[in-house]
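Coordinates as given in model07.tsv (TSV, C-alpha atoms):
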```tsv
chain	number	residue	atom	x	y	z
A	190	MET	CA	22.63	3.27	5.16
A	191	LYS	CA	21.27	1.92	1.91
A	192	ARG	CA	17.77	0.49	2.11
A	193	ILE	CA	18.93	-2.92	0.90
A	194	GLU	CA	21.42	-3.02	3.80
A	195	ALA	CA	18.62	-2.32	6.29
A	196	ILE	CA	16.51	-4.99	4.59
A	197	ALA	CA	19.37	-7.50	4.81
A	198	LEU	CA	19.70	-6.82	8.56
A	199	ALA	CA	15.95	-7.23	9.04
A	200	ALA	CA	16.00	-10.47	7.05
A	201	GLU	CA	18.84	-11.85	9.19
A	202	ALA	CA	17.02	-10.84	12.37
A	203	ALA	CA	13.80	-12.44	11.12
A	204	ALA	CA	15.61	-15.71	10.35
A	205	ALA	CA	17.37	-15.69	13.72
A	206	GLN	CA	14.04	-15.21	15.53
A	207	ASP	CA	12.10	-17.62	13.26
A	208	ALA	CA	9.90	-14.63	12.52
A	209	LEU	CA	7.34	-14.15	9.79
A	210	LEU	CA	8.27	-11.16	7.62
A	211	VAL	CA	5.72	-9.16	5.63
A	212	SER	CA	7.30	-6.97	2.98
A	213	ASN	CA	5.92	-3.90	1.27
A	214	ILE	CA	5.07	-3.74	-2.44
A	215	GLY	CA	7.66	-2.71	-5.01
A	216	PHE	CA	11.43	-2.55	-4.71
A	217	PRO	CA	11.55	-3.38	-0.96
A	218	SER	CA	10.07	-6.83	-1.68
A	219	ARG	CA	12.42	-7.29	-4.63
A	220	GLU	CA	15.42	-6.32	-2.52
A	221	LEU	CA	14.33	-8.71	0.23
A	222	PHE	CA	13.81	-11.51	-2.29
A	223	SER	CA	17.30	-10.92	-3.65
A	224	VAL	CA	19.16	-10.67	-0.32
A	225	LYS	CA	17.39	-13.44	1.61
A	226	ASP	CA	14.44	-15.33	0.22
A	227	ARG	CA	12.67	-17.46	2.82
A	228	PRO	CA	9.25	-19.12	2.69
A	229	GLU	CA	8.54	-17.08	5.83
A	230	ASN	CA	8.64	-13.90	3.68
A	231	PHE	CA	5.29	-12.59	2.46
A	232	TYR	CA	5.92	-10.44	-0.62
A	233	MET	CA	3.14	-7.94	-1.24
A	234	LEU	CA	2.36	-7.45	-4.92
A	235	GLY	CA	-0.52	-4.98	-4.48
A	236	SER	CA	-2.63	-3.24	-1.80
A	237	MET	CA	-0.13	-0.46	-1.14
A	238	GLY	CA	-0.40	0.77	2.44
A	239	LEU	CA	-1.52	-2.50	3.99
A	240	ALA	CA	1.75	-4.21	4.96
A	241	SER	CA	1.43	-3.05	8.56
A	242	SER	CA	-2.21	-4.20	8.69
A	243	ILE	CA	-1.54	-7.65	7.23
A	244	GLY	CA	1.26	-8.10	9.75
A	245	LEU	CA	-0.96	-6.97	12.61
A	246	GLY	CA	-3.63	-9.52	11.68
A	247	LEU	CA	-0.96	-12.22	11.60
A	248	ALA	CA	0.51	-11.19	14.94
A	249	LEU	CA	-2.91	-11.23	16.62
A	250	ALA	CA	-3.72	-14.63	15.12
A	251	LEU	CA	-0.32	-16.11	16.08
A	252	PRO	CA	0.58	-14.66	19.49
A	253	GLU	CA	3.49	-17.09	19.96
A	254	ARG	CA	5.20	-16.10	16.71
A	255	LYS	CA	7.23	-12.97	16.09
A	256	VAL	CA	5.86	-10.99	13.15
A	257	MET	CA	7.97	-8.30	11.49
A	258	VAL	CA	6.80	-5.88	8.82
A	259	LEU	CA	8.97	-3.97	6.34
A	260	ASP	CA	7.08	-0.84	5.36
A	261	GLY	CA	7.95	2.49	3.75
A	262	ASP	CA	7.27	6.16	4.40
A	263	GLY	CA	4.98	6.54	1.38
A	264	SER	CA	2.98	3.45	2.31
A	265	VAL	CA	2.59	4.41	5.96
A	266	LEU	CA	1.47	7.90	4.93
A	267	MET	CA	-1.21	6.21	2.81
A	268	ASN	CA	-2.57	4.31	5.84
A	269	LEU	CA	-1.69	6.59	8.77
A	270	GLY	CA	-4.60	5.27	10.82
A	271	THR	CA	-2.59	2.07	11.15
A	272	LEU	CA	-0.37	3.78	13.75
A	273	ALA	CA	-3.38	4.42	15.99
A	274	THR	CA	-4.59	0.85	15.58
A	275	ILE	CA	-1.11	-0.53	16.28
A	276	ALA	CA	-0.82	1.67	19.36
A	277	HIS	CA	-3.88	0.14	20.95
A	278	TYR	CA	-4.16	-3.37	19.53
A	279	ALA	CA	-0.69	-4.59	18.56
A	280	PRO	CA	0.59	-7.47	20.70
A	281	GLU	CA	4.15	-7.88	21.98
A	282	ASN	CA	5.10	-10.16	19.09
A	283	TYR	CA	4.62	-7.37	16.51
A	284	LEU	CA	7.32	-5.12	15.08
A	285	LEU	CA	6.79	-2.53	12.35
A	286	VAL	CA	9.95	-1.38	10.57
A	287	ILE	CA	9.42	1.79	8.52
A	288	LEU	CA	12.21	2.31	6.00
A	289	ASP	CA	12.05	6.07	5.46
A	290	ASN	CA	13.82	7.18	2.29
A	291	CYS	CA	11.71	10.35	2.00
A	292	CYS	CA	10.39	9.34	-1.41
A	293	TYR	CA	8.22	6.99	-3.45
A	294	GLY	CA	11.22	4.92	-4.41
A	295	SER	CA	9.47	2.42	-6.68
A	296	THR	CA	7.82	5.03	-8.91
A	297	GLY	CA	10.66	7.43	-9.71
A	298	SER	CA	11.66	8.80	-6.30
A	299	GLN	CA	9.03	11.53	-6.07
A	300	PRO	CA	9.37	13.17	-2.62
A	301	THR	CA	6.95	12.22	0.17
A	302	CYS	CA	5.95	14.56	2.98
A	303	THR	CA	8.70	13.12	5.20
A	304	HIS	CA	11.08	14.86	2.76
A	305	LEU	CA	9.31	18.11	3.66
A	306	GLY	CA	9.57	17.50	7.39
A	307	THR	CA	6.71	15.22	8.39
A	308	ASP	CA	8.05	13.26	11.36
A	309	LEU	CA	6.99	9.60	11.46
A	310	PHE	CA	8.64	9.09	14.86
A	311	ALA	CA	6.52	11.90	16.34
A	312	LEU	CA	3.41	10.61	14.55
A	313	ALA	CA	3.86	7.11	15.97
A	314	LYS	CA	4.43	8.53	19.45
A	315	ALA	CA	1.42	10.84	19.15
A	316	ALA	CA	-0.71	7.91	17.97
A	317	GLY	CA	0.08	6.25	21.29
A	318	VAL	CA	2.69	3.66	20.32
A	319	LYS	CA	4.69	3.01	23.49
A	320	LYS	CA	7.93	1.72	22.02
A	321	VAL	CA	9.11	3.81	19.08
A	322	SER	CA	12.70	4.19	17.99
A	323	LEU	CA	14.44	6.16	15.28
A	324	VAL	CA	17.70	4.69	14.00
A	325	GLU	CA	20.33	5.46	11.38
A	326	ARG	CA	23.22	3.12	12.24
A	327	ALA	CA	23.26	-0.61	11.53
A	328	GLU	CA	24.05	-1.57	15.15
A	329	ASP	CA	21.09	0.45	16.45
A	330	LEU	CA	18.82	-1.14	13.88
A	331	ALA	CA	20.03	-4.63	14.83
A	332	GLU	CA	19.10	-3.95	18.45
A	333	ALA	CA	15.68	-2.46	17.61
A	334	LEU	CA	14.87	-5.53	15.48
A	335	LEU	CA	14.86	-7.68	18.62
A	336	GLY	CA	11.98	-5.81	20.21
A	337	PRO	CA	8.33	-4.99	19.60
A	338	GLY	CA	6.81	-1.67	18.57
A	339	VAL	CA	7.70	0.65	15.72
A	340	VAL	CA	11.18	1.44	14.43
A	341	ILE	CA	11.81	4.13	11.85
A	342	VAL	CA	15.01	3.70	9.86
A	343	ASN	CA	16.45	6.63	7.91
A	344	VAL	CA	17.77	5.16	4.68
A	345	ASP	CA	19.17	6.59	1.46
A	346	ALA	CA	16.94	7.09	-1.55
A	347	GLY	CA	17.54	4.79	-4.50
A	348	ASN	CA	16.87	1.17	-5.40
A	349	ALA	CA	19.31	-1.69	-5.78
A	350	ASN	CA	19.56	-3.29	-9.19
A	351	VAL	CA	17.59	-6.43	-8.38
A	352	PRO	CA	15.32	-8.62	-10.53
A	353	ILE	CA	11.58	-8.98	-10.13
A	354	ILE	CA	10.24	-11.71	-7.86
A	355	SER	CA	10.06	-15.01	-9.72
A	356	LEU	CA	7.13	-16.37	-7.70
A	357	SER	CA	3.42	-16.24	-8.47
A	358	PRO	CA	0.98	-14.87	-5.86
A	359	LYS	CA	-0.20	-18.45	-5.30
A	360	GLU	CA	3.34	-19.68	-4.67
A	361	ILE	CA	4.06	-16.77	-2.31
A	362	ILE	CA	0.98	-17.35	-0.16
A	363	GLU	CA	1.06	-21.16	-0.18
A	364	ARG	CA	4.62	-21.51	1.03
A	365	PHE	CA	4.10	-18.67	3.52
A	366	MET	CA	1.00	-20.34	4.94
A	367	ARG	CA	2.82	-23.63	5.41
A	368	CYS	CA	5.23	-21.74	7.68
A	369	ALA	CA	2.64	-19.52	9.35
A	370	ARG	CA	-0.10	-21.92	10.31
A	371	PRO	CA	0.31	-24.07	13.37
A	372	ALA	CA	0.59	-27.75	12.44
A	373	PRO	CA	-2.70	-29.56	12.92
A	374	PRO	CA	-2.82	-32.01	15.84
A	375	PHE	CA	-1.61	-35.53	15.00
A	376	GLY	CA	-4.27	-37.46	13.13
A	377	MET	CA	-6.25	-34.35	12.21
A	378	ASN	CA	-4.64	-33.78	8.83
A	379	HIS	CA	-7.72	-34.88	6.97
A	380	LEU	CA	-9.80	-32.04	8.47
B	146	MET	CA	-35.79	-12.87	15.15
B	147	ASN	CA	-33.74	-9.86	16.20
B	148	PRO	CA	-31.75	-8.92	13.05
B	149	SER	CA	-28.45	-8.27	14.88
B	150	LEU	CA	-28.71	-11.52	16.83
B	151	ALA	CA	-29.46	-13.46	13.65
B	152	VAL	CA	-26.28	-12.17	11.99
B	153	TYR	CA	-24.24	-12.83	15.12
B	154	GLN	CA	-25.50	-16.41	15.35
B	155	GLY	CA	-24.62	-16.88	11.71
B	156	MET	CA	-21.09	-15.68	12.46
B	157	LEU	CA	-20.88	-18.16	15.33
B	158	ARG	CA	-22.11	-21.00	13.11
B	159	ALA	CA	-19.45	-20.04	10.58
B	160	GLY	CA	-16.81	-20.18	13.30
B	161	ILE	CA	-15.79	-16.55	12.84
B	162	ASN	CA	-13.13	-15.81	15.48
B	163	PHE	CA	-11.55	-12.62	14.14
B	164	ALA	CA	-13.43	-9.42	13.27
B	165	THR	CA	-12.52	-5.93	12.20
B	166	SER	CA	-15.04	-3.14	11.97
B	167	VAL	CA	-15.87	0.43	11.12
B	168	PRO	CA	-19.25	1.30	12.66
B	169	CYS	CA	-22.60	2.08	11.10
B	170	VAL	CA	-25.56	3.09	13.26
B	171	ASN	CA	-27.31	-0.09	12.11
B	172	LEU	CA	-24.40	-2.27	13.21
B	173	GLN	CA	-24.27	-1.02	16.78
B	174	GLU	CA	-26.04	-3.98	18.40
B	175	LEU	CA	-24.04	-6.47	16.35
B	176	LEU	CA	-20.77	-4.69	17.17
B	177	ALA	CA	-21.60	-4.88	20.88
B	178	LEU	CA	-22.27	-8.63	20.59
B	179	VAL	CA	-18.98	-9.17	18.75
B	180	SER	CA	-17.01	-7.00	21.18
B	181	ASP	CA	-18.42	-8.85	24.19
B	182	ASP	CA	-17.58	-12.29	22.77
B	183	PRO	CA	-14.29	-13.50	24.30
B	184	GLU	CA	-13.92	-16.07	21.51
B	185	ILE	CA	-13.68	-13.35	18.84
B	186	ILE	CA	-10.64	-11.09	18.47
B	187	HIS	CA	-12.24	-7.75	17.52
B	188	VAL	CA	-10.17	-4.88	16.16
B	189	PRO	CA	-12.06	-1.66	15.42
B	190	VAL	CA	-10.07	-0.11	12.56
B	191	THR	CA	-9.75	3.46	11.29
B	192	ARG	CA	-10.67	2.67	7.69
B	193	GLU	CA	-12.26	-0.35	6.05
B	194	GLU	CA	-9.29	-1.04	3.77
B	195	GLU	CA	-7.16	-1.46	6.88
B	196	GLY	CA	-9.66	-4.07	8.02
B	197	VAL	CA	-9.20	-6.00	4.76
B	198	GLY	CA	-5.47	-6.13	5.51
B	199	LEU	CA	-5.93	-7.27	9.11
B	200	CYS	CA	-8.43	-9.94	8.08
B	201	ALA	CA	-6.06	-11.23	5.39
B	202	GLY	CA	-3.26	-11.59	7.94
B	203	ALA	CA	-5.56	-13.27	10.43
B	204	TRP	CA	-6.74	-15.80	7.83
B	205	ILE	CA	-3.18	-16.60	6.81
B	206	GLY	CA	-2.55	-17.16	10.52
B	207	GLY	CA	-5.40	-19.70	10.71
B	208	HIS	CA	-8.34	-17.58	11.90
B	209	ARG	CA	-11.74	-17.08	10.28
B	210	PRO	CA	-12.17	-13.38	9.61
B	211	ALA	CA	-15.12	-11.04	9.11
B	212	LEU	CA	-15.21	-7.33	8.22
B	213	LEU	CA	-18.21	-5.42	9.53
B	214	MET	CA	-18.85	-2.11	7.79
B	215	GLN	CA	-21.19	0.21	5.96
B	216	ASN	CA	-21.35	0.03	2.17
B	217	SER	CA	-19.48	3.35	2.03
B	218	GLY	CA	-16.55	1.30	3.30
B	219	LEU	CA	-16.77	-1.02	0.34
B	220	GLY	CA	-15.72	1.95	-1.76
B	221	ASN	CA	-12.75	2.49	0.55
B	222	SER	CA	-11.72	-1.15	0.15
B	223	ILE	CA	-11.84	-1.81	-3.58
B	224	ASN	CA	-8.10	-1.93	-4.27
B	225	ALA	CA	-7.39	-4.10	-1.23
B	226	LEU	CA	-10.16	-6.54	-2.13
B	227	ALA	CA	-8.80	-6.78	-5.67
B	228	SER	CA	-5.01	-6.68	-5.28
B	229	LEU	CA	-4.82	-8.53	-1.95
B	230	ASP	CA	-7.78	-10.89	-1.48
B	231	LEU	CA	-8.59	-11.69	-5.11
B	232	LEU	CA	-4.93	-11.72	-6.18
B	233	TYR	CA	-3.74	-14.20	-3.54
B	234	GLY	CA	-7.04	-16.07	-3.07
B	235	ILE	CA	-7.83	-14.97	0.48
B	236	PRO	CA	-11.33	-15.59	1.87
B	237	LEU	CA	-13.22	-12.87	3.74
B	238	LEU	CA	-16.74	-12.58	5.11
B	239	MET	CA	-18.04	-9.02	4.68
B	240	ILE	CA	-21.09	-8.06	6.75
B	241	ILE	CA	-22.26	-4.84	5.13
B	242	SER	CA	-24.92	-2.40	6.28
B	243	HIS	CA	-26.34	-1.39	2.91
B	244	ARG	CA	-27.42	2.24	3.18
B	245	GLY	CA	-28.79	4.48	0.48
B	246	GLY	CA	-31.82	2.44	-0.62
B	247	MET	CA	-35.59	2.87	-0.10
B	248	GLY	CA	-36.36	5.03	2.93
B	249	GLU	CA	-32.80	6.36	3.30
B	250	PRO	CA	-32.91	9.69	5.16
B	251	VAL	CA	-29.30	10.74	4.36
B	252	ILE	CA	-28.83	11.90	0.78
B	253	GLY	CA	-25.08	11.34	0.92
B	254	GLN	CA	-25.70	7.60	1.25
B	255	VAL	CA	-27.57	7.36	-2.05
B	256	PRO	CA	-24.64	7.29	-4.55
B	257	MET	CA	-22.82	4.39	-2.86
B	258	GLY	CA	-26.19	2.78	-2.15
B	259	ARG	CA	-26.76	2.50	-5.88
B	260	LEU	CA	-23.18	1.48	-6.67
B	261	THR	CA	-22.77	-1.27	-4.07
B	262	VAL	CA	-24.14	-4.23	-6.05
B	263	PRO	CA	-22.60	-3.10	-9.38
B	264	LEU	CA	-19.20	-2.78	-7.69
B	265	LEU	CA	-19.44	-6.27	-6.17
B	266	GLU	CA	-20.57	-7.72	-9.49
B	267	ALA	CA	-17.77	-5.97	-11.36
B	268	MET	CA	-15.32	-7.69	-9.01
B	269	ALA	CA	-17.19	-11.02	-9.26
B	270	ILE	CA	-17.63	-11.01	-5.46
B	271	PRO	CA	-20.67	-13.14	-4.49
B	272	HIS	CA	-23.31	-11.30	-2.47
B	273	PHE	CA	-26.40	-12.25	-0.51
B	274	GLU	CA	-29.37	-10.20	0.74
B	275	PRO	CA	-31.12	-12.27	3.41
B	276	SER	CA	-34.18	-11.40	5.51
B	277	PRO	CA	-33.70	-11.54	9.31
B	278	ALA	CA	-35.28	-15.02	9.31
B	279	GLU	CA	-32.76	-16.21	6.73
B	280	ALA	CA	-29.73	-14.33	8.06
B	281	GLU	CA	-28.22	-16.97	10.36
B	282	GLU	CA	-28.20	-19.60	7.61
B	283	THR	CA	-27.08	-17.14	4.93
B	284	VAL	CA	-24.16	-15.75	6.94
B	285	ALA	CA	-22.90	-19.26	7.68
B	286	GLN	CA	-23.24	-20.19	4.00
B	287	ALA	CA	-21.51	-17.01	2.90
B	288	TRP	CA	-18.43	-17.95	4.93
B	289	SER	CA	-18.49	-21.50	3.52
B	290	GLN	CA	-18.54	-20.06	0.02
B	291	ALA	CA	-15.70	-17.64	0.83
B	292	ALA	CA	-13.57	-20.43	2.29
B	293	ALA	CA	-14.29	-22.85	-0.55
B	294	GLY	CA	-13.75	-20.23	-3.26
B	295	CYS	CA	-10.85	-18.46	-1.50
B	296	CYS	CA	-12.47	-15.07	-2.14
B	297	PRO	CA	-14.39	-12.33	-0.38
B	298	VAL	CA	-18.18	-12.77	-0.02
B	299	ALA	CA	-20.61	-9.99	0.94
B	300	VAL	CA	-23.80	-10.14	2.98
B	301	LEU	CA	-25.79	-6.96	2.31
B	302	LEU	CA	-28.19	-5.84	5.01
B	303	ASP	CA	-30.42	-2.93	3.96
B	304	LEU	CA	-32.70	-0.59	5.92
B	305	GLU	CA	-35.61	-3.02	5.72
B	306	PHE	CA	-33.46	-5.76	7.23
B	307	TRP	CA	-32.63	-3.67	10.29
B	308	ARG	CA	-36.33	-2.87	10.72
B	309	GLY	CA	-36.84	-6.62	11.07
B	310	ARG	CA	-38.25	-7.30	7.60
```
Starting from the file, lay out its structure as structure tokens.
Amino acid sequence: MKRIEAIALAAEAAAAQDALLVSNIGFPSRELFSVKDRPENFYMLGSMGLASSIGLGLALALPERKVMVLDGDGSVLMNLGTLATIAHYAPENYLLVILDNCCYGSTGSQPTCTHLGTDLFALAKAAGVKKVSLVERAEDLAEALLGPGVVIVNVDAGNANVPIISLSPKEIIERFMRCARPAPPFGMNHL
Amino acid sequence: MNPSLAVYQGMLRAGINFATSVPCVNLQELLALVSDDPEIIHVPVTREEEGVGLCAGAWIGGHRPALLMQNSGLGNSINALASLDLLYGIPLLMIISHRGGMGEPVIGQVPMGRLTVPLLEAMAIPHFEPSPAEAEETVAQAWSQAAAGCCPVAVLLDLEFWRGR
């Protein structure tokens, strides 16, 4: 499966579940923006490695809201401790989707250690994550997107030909926050 | 005033209800107070940068976040503070045990001890260095400044502070 196809499935699943969707820096965010832009998408423009952490903070703050994260193999390898934290602190409304294309796709497709055999499924299991799945087919991904935990998706290397995101950081966060934050109680808007 | 209790009461005054931490020996009492508080979601993280990410998500979700760490962790967090918090305008209260100053017994703490304030100033992150008597007020003010300015703010607590001075 192409990564943009996996991203399109995740975007559809997020919309269907009224989920917040945090997307990793680089081409994954651009591909998401091009296939299904929603104000409920948070496009990371920096802080490589922290998509899973931002999503975890959101999920803990908003236990009633599904939070999905689109991450990559290179980014997860940069913040491997996140798997241990997720294993022990992630609530049931949190799903981490790792799109593993075995390379740093946004910087020229240099191979990551998953290309050499590092097994993110085994790492997530060993970190203590209870629900971990490894999928390659679209129908298996669609099913995994309904649950919590960690799902690793094997995708092809390569980026789609998509434009850069035409939103400023301020626009991204302001429209995202309007969707993310619970509405204030009636009459409390001035606070 | 007990230094740990003063900081904790400042956090309560600020309404902090989400905390991430990497321990320092000087933070142990404060970490116990935070962990035992049912009103605060506390996530001990594996690396300080991870804590910056969690706190950003929690703030977006409507919580008031604090990151408790040693100043060595500031070094681990620079890119996240710059390209997440400063880029998007996300407030964060950083409670930092400032090691490596006068009386520091561990030589490895000295380089980051000297670099802590220059690093914060290079990033234009406001910082405060209260005494234990001032800490409650200062911590509450630090959060107010972070929230108003939509930026990280640091409260630096050195060896003298933890000795009660």
Nearest candidate to chain A (options B:His272, B:Arg244, B:Arg158, B:His187; using all atoms listed in the file)
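With all atoms listed in the file as the atom set, the closest residue is B:His187.
If you measure from each of A:Asp207, A:Leu251, A:Pro217, A:Gly246 to B:Phe163 using all atoms listed in the file, the closest one turns out to be A:Gly246.
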One decimal place gives the atom CA of A:Val342-atom CA of A:Arg364 separation as 28.7 Å
Of the residues B:Leu237, B:Ile252, B:Ile185, B:Leu178, which is the one nearest to B:Ser289, using all atoms listed in the file?
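That would be B:Leu237, the residue with the smallest distance to B:Ser289.
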Residue neighbourhood A:Ile275, 8 Å, only C-alpha atoms, exclusion window fewer than 3 positions, as number ranges by chain:
A: 245, 271-272, 278-279, 318
Can I get the selection written as a CSV table (one decimal), in the frame of the given file, with C-alpha atoms?
```
chain,number,residue,atom,x,y,z
A,245,LEU,CA,-1.0,-7.0,12.6
A,271,THR,CA,-2.6,2.1,11.2
A,272,LEU,CA,-0.4,3.8,13.8
A,278,TYR,CA,-4.2,-3.4,19.5
A,279,ALA,CA,-0.7,-4.6,18.6
A,318,VAL,CA,2.7,3.7,20.3
```
Please compute the atom CA of A:Ser355-atom CA of B:Gly234 distance, one decimal, in Å.
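According to the coordinates, atom CA of A:Ser355 and atom CA of B:Gly234 are separated by 18.4 Å.
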So that each row is one residue of chain B with an atom at most 7 Å from chain A, can you give its shortest atom pair and the distance in Å to one decimal, using only C-alpha atoms, rows by chain and rising number, as JSON lines?
```
{"residue": "B:Val190", "atom": "CA", "partner": "A:Thr274", "partner_atom": "CA", "distance": 6.3}
{"residue": "B:Thr191", "atom": "CA", "partner": "A:Gly270", "partner_atom": "CA", "distance": 5.5}
{"residue": "B:Glu195", "atom": "CA", "partner": "A:Ser242", "partner_atom": "CA", "distance": 5.9}
{"residue": "B:Gly198", "atom": "CA", "partner": "A:Ile243", "partner_atom": "CA", "distance": 4.6}
{"residue": "B:Leu199", "atom": "CA", "partner": "A:Gly246", "partner_atom": "CA", "distance": 4.1}
{"residue": "B:Cys200", "atom": "CA", "partner": "A:Gly246", "partner_atom": "CA", "distance": 6.0}
{"residue": "B:Ala201", "atom": "CA", "partner": "A:Ile243", "partner_atom": "CA", "distance": 6.1}
{"residue": "B:Gly202", "atom": "CA", "partner": "A:Gly246", "partner_atom": "CA", "distance": 4.3}
{"residue": "B:Ala203", "atom": "CA", "partner": "A:Gly246", "partner_atom": "CA", "distance": 4.4}
{"residue": "B:Ile205", "atom": "CA", "partner": "A:Met366", "partner_atom": "CA", "distance": 5.9}
{"residue": "B:Gly206", "atom": "CA", "partner": "A:Leu247", "partner_atom": "CA", "distance": 5.3}
{"residue": "B:Gly207", "atom": "CA", "partner": "A:Arg370", "partner_atom": "CA", "distance": 5.8}
{"residue": "B:His208", "atom": "CA", "partner": "A:Ala250", "partner_atom": "CA", "distance": 6.4}
{"residue": "B:Asn224", "atom": "CA", "partner": "A:Ser236", "partner_atom": "CA", "distance": 6.1}
{"residue": "B:Ala225", "atom": "CA", "partner": "A:Ser236", "partner_atom": "CA", "distance": 4.9}
{"residue": "B:Ser228", "atom": "CA", "partner": "A:Gly235", "partner_atom": "CA", "distance": 4.9}
{"residue": "B:Leu229", "atom": "CA", "partner": "A:Ser236", "partner_atom": "CA", "distance": 5.7}
{"residue": "B:Leu232", "atom": "CA", "partner": "A:Pro358", "partner_atom": "CA", "distance": 6.7}
{"residue": "B:Tyr233", "atom": "CA", "partner": "A:Pro358", "partner_atom": "CA", "distance": 5.3}
```
To one decimal in Å, tell me the separation between atom CA of B:Val197 and atom CA of B:Met239.
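Computed distance, atom CA of B:Val197 to atom CA of B:Met239, equals 9.3 Å.
Among the candidates A:Gly317, A:Pro228, A:Pro352, A:Gly263, the one nearest to A:His304 when counting all atoms listed in the file is A:Gly263.
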Skip A:Thr307 itself and residues of its chain fewer than 4 positions away, then list as an MDAnalysis selection string all residues within 10 Å of it, counting all atoms listed in the file.
chainID A and resid 262 266 291 301:303 311:312
Is there a way to complete stretch 152-167 of chain B with N, CA and C atoms and then write that out as an mmCIF file, keeping the file's coordinate frame?
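File written: out_36.cif
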```cif
data_model
loop_
_atom_site.group_PDB
_atom_site.id
_atom_site.type_symbol
_atom_site.label_atom_id
_atom_site.label_comp_id
_atom_site.auth_asym_id
_atom_site.auth_seq_id
_atom_site.Cartn_x
_atom_site.Cartn_y
_atom_site.Cartn_z
ATOM 1 N N VAL B 152 -27.575 -12.261 12.669
ATOM 2 C CA VAL B 152 -26.280 -12.170 11.990
ATOM 3 C C VAL B 152 -25.185 -12.735 12.895
ATOM 4 N N TYR B 153 -25.236 -12.365 14.161
ATOM 5 C CA TYR B 153 -24.240 -12.830 15.120
ATOM 6 C C TYR B 153 -24.243 -14.366 15.204
ATOM 7 N N GLN B 154 -25.431 -14.939 15.271
ATOM 8 C CA GLN B 154 -25.500 -16.410 15.350
ATOM 9 C C GLN B 154 -24.988 -17.064 14.080
ATOM 10 N N GLY B 155 -25.194 -16.383 12.957
ATOM 11 C CA GLY B 155 -24.620 -16.880 11.710
ATOM 12 C C GLY B 155 -23.104 -16.852 11.753
ATOM 13 N N MET B 156 -22.558 -15.780 12.323
ATOM 14 C CA MET B 156 -21.090 -15.680 12.460
ATOM 15 C C MET B 156 -20.573 -16.808 13.354
ATOM 16 N N LEU B 157 -21.300 -17.080 14.432
ATOM 17 C CA LEU B 157 -20.880 -18.160 15.330
ATOM 18 C C LEU B 157 -20.925 -19.506 14.620
ATOM 19 N N ARG B 158 -21.998 -19.734 13.860
ATOM 20 C CA ARG B 158 -22.110 -21.000 13.110
ATOM 21 C C ARG B 158 -20.977 -21.150 12.120
ATOM 22 N N ALA B 159 -20.554 -20.011 11.548
ATOM 23 C CA ALA B 159 -19.450 -20.040 10.580
ATOM 24 C C ALA B 159 -18.103 -20.210 11.263
ATOM 25 N N GLY B 160 -18.074 -20.069 12.582
ATOM 26 C CA GLY B 160 -16.810 -20.180 13.300
ATOM 27 C C GLY B 160 -15.944 -18.941 13.200
ATOM 28 N N ILE B 161 -16.549 -17.797 12.923
ATOM 29 C CA ILE B 161 -15.790 -16.550 12.840
ATOM 30 C C ILE B 161 -15.140 -16.273 14.202
ATOM 31 N N ASN B 162 -13.825 -16.096 14.211
ATOM 32 C CA ASN B 162 -13.130 -15.810 15.480
ATOM 33 C C ASN B 162 -12.188 -14.611 15.367
ATOM 34 N N PHE B 163 -12.349 -13.846 14.306
ATOM 35 C CA PHE B 163 -11.550 -12.620 14.140
ATOM 36 C C PHE B 163 -12.427 -11.625 13.390
ATOM 37 N N ALA B 164 -12.578 -10.427 13.927
ATOM 38 C CA ALA B 164 -13.430 -9.420 13.270
ATOM 39 C C ALA B 164 -12.770 -8.066 13.308
ATOM 40 N N THR B 165 -12.913 -7.342 12.211
ATOM 41 C CA THR B 165 -12.520 -5.930 12.200
ATOM 42 C C THR B 165 -13.767 -5.144 11.826
ATOM 43 N N SER B 166 -13.812 -3.883 12.229
ATOM 44 C CA SER B 166 -15.040 -3.140 11.970
ATOM 45 C C SER B 166 -14.805 -1.640 11.873
ATOM 46 N N VAL B 167 -15.649 -1.020 11.066
ATOM 47 C CA VAL B 167 -15.870 0.430 11.120
ATOM 48 C C VAL B 167 -17.374 0.559 11.333
#
```
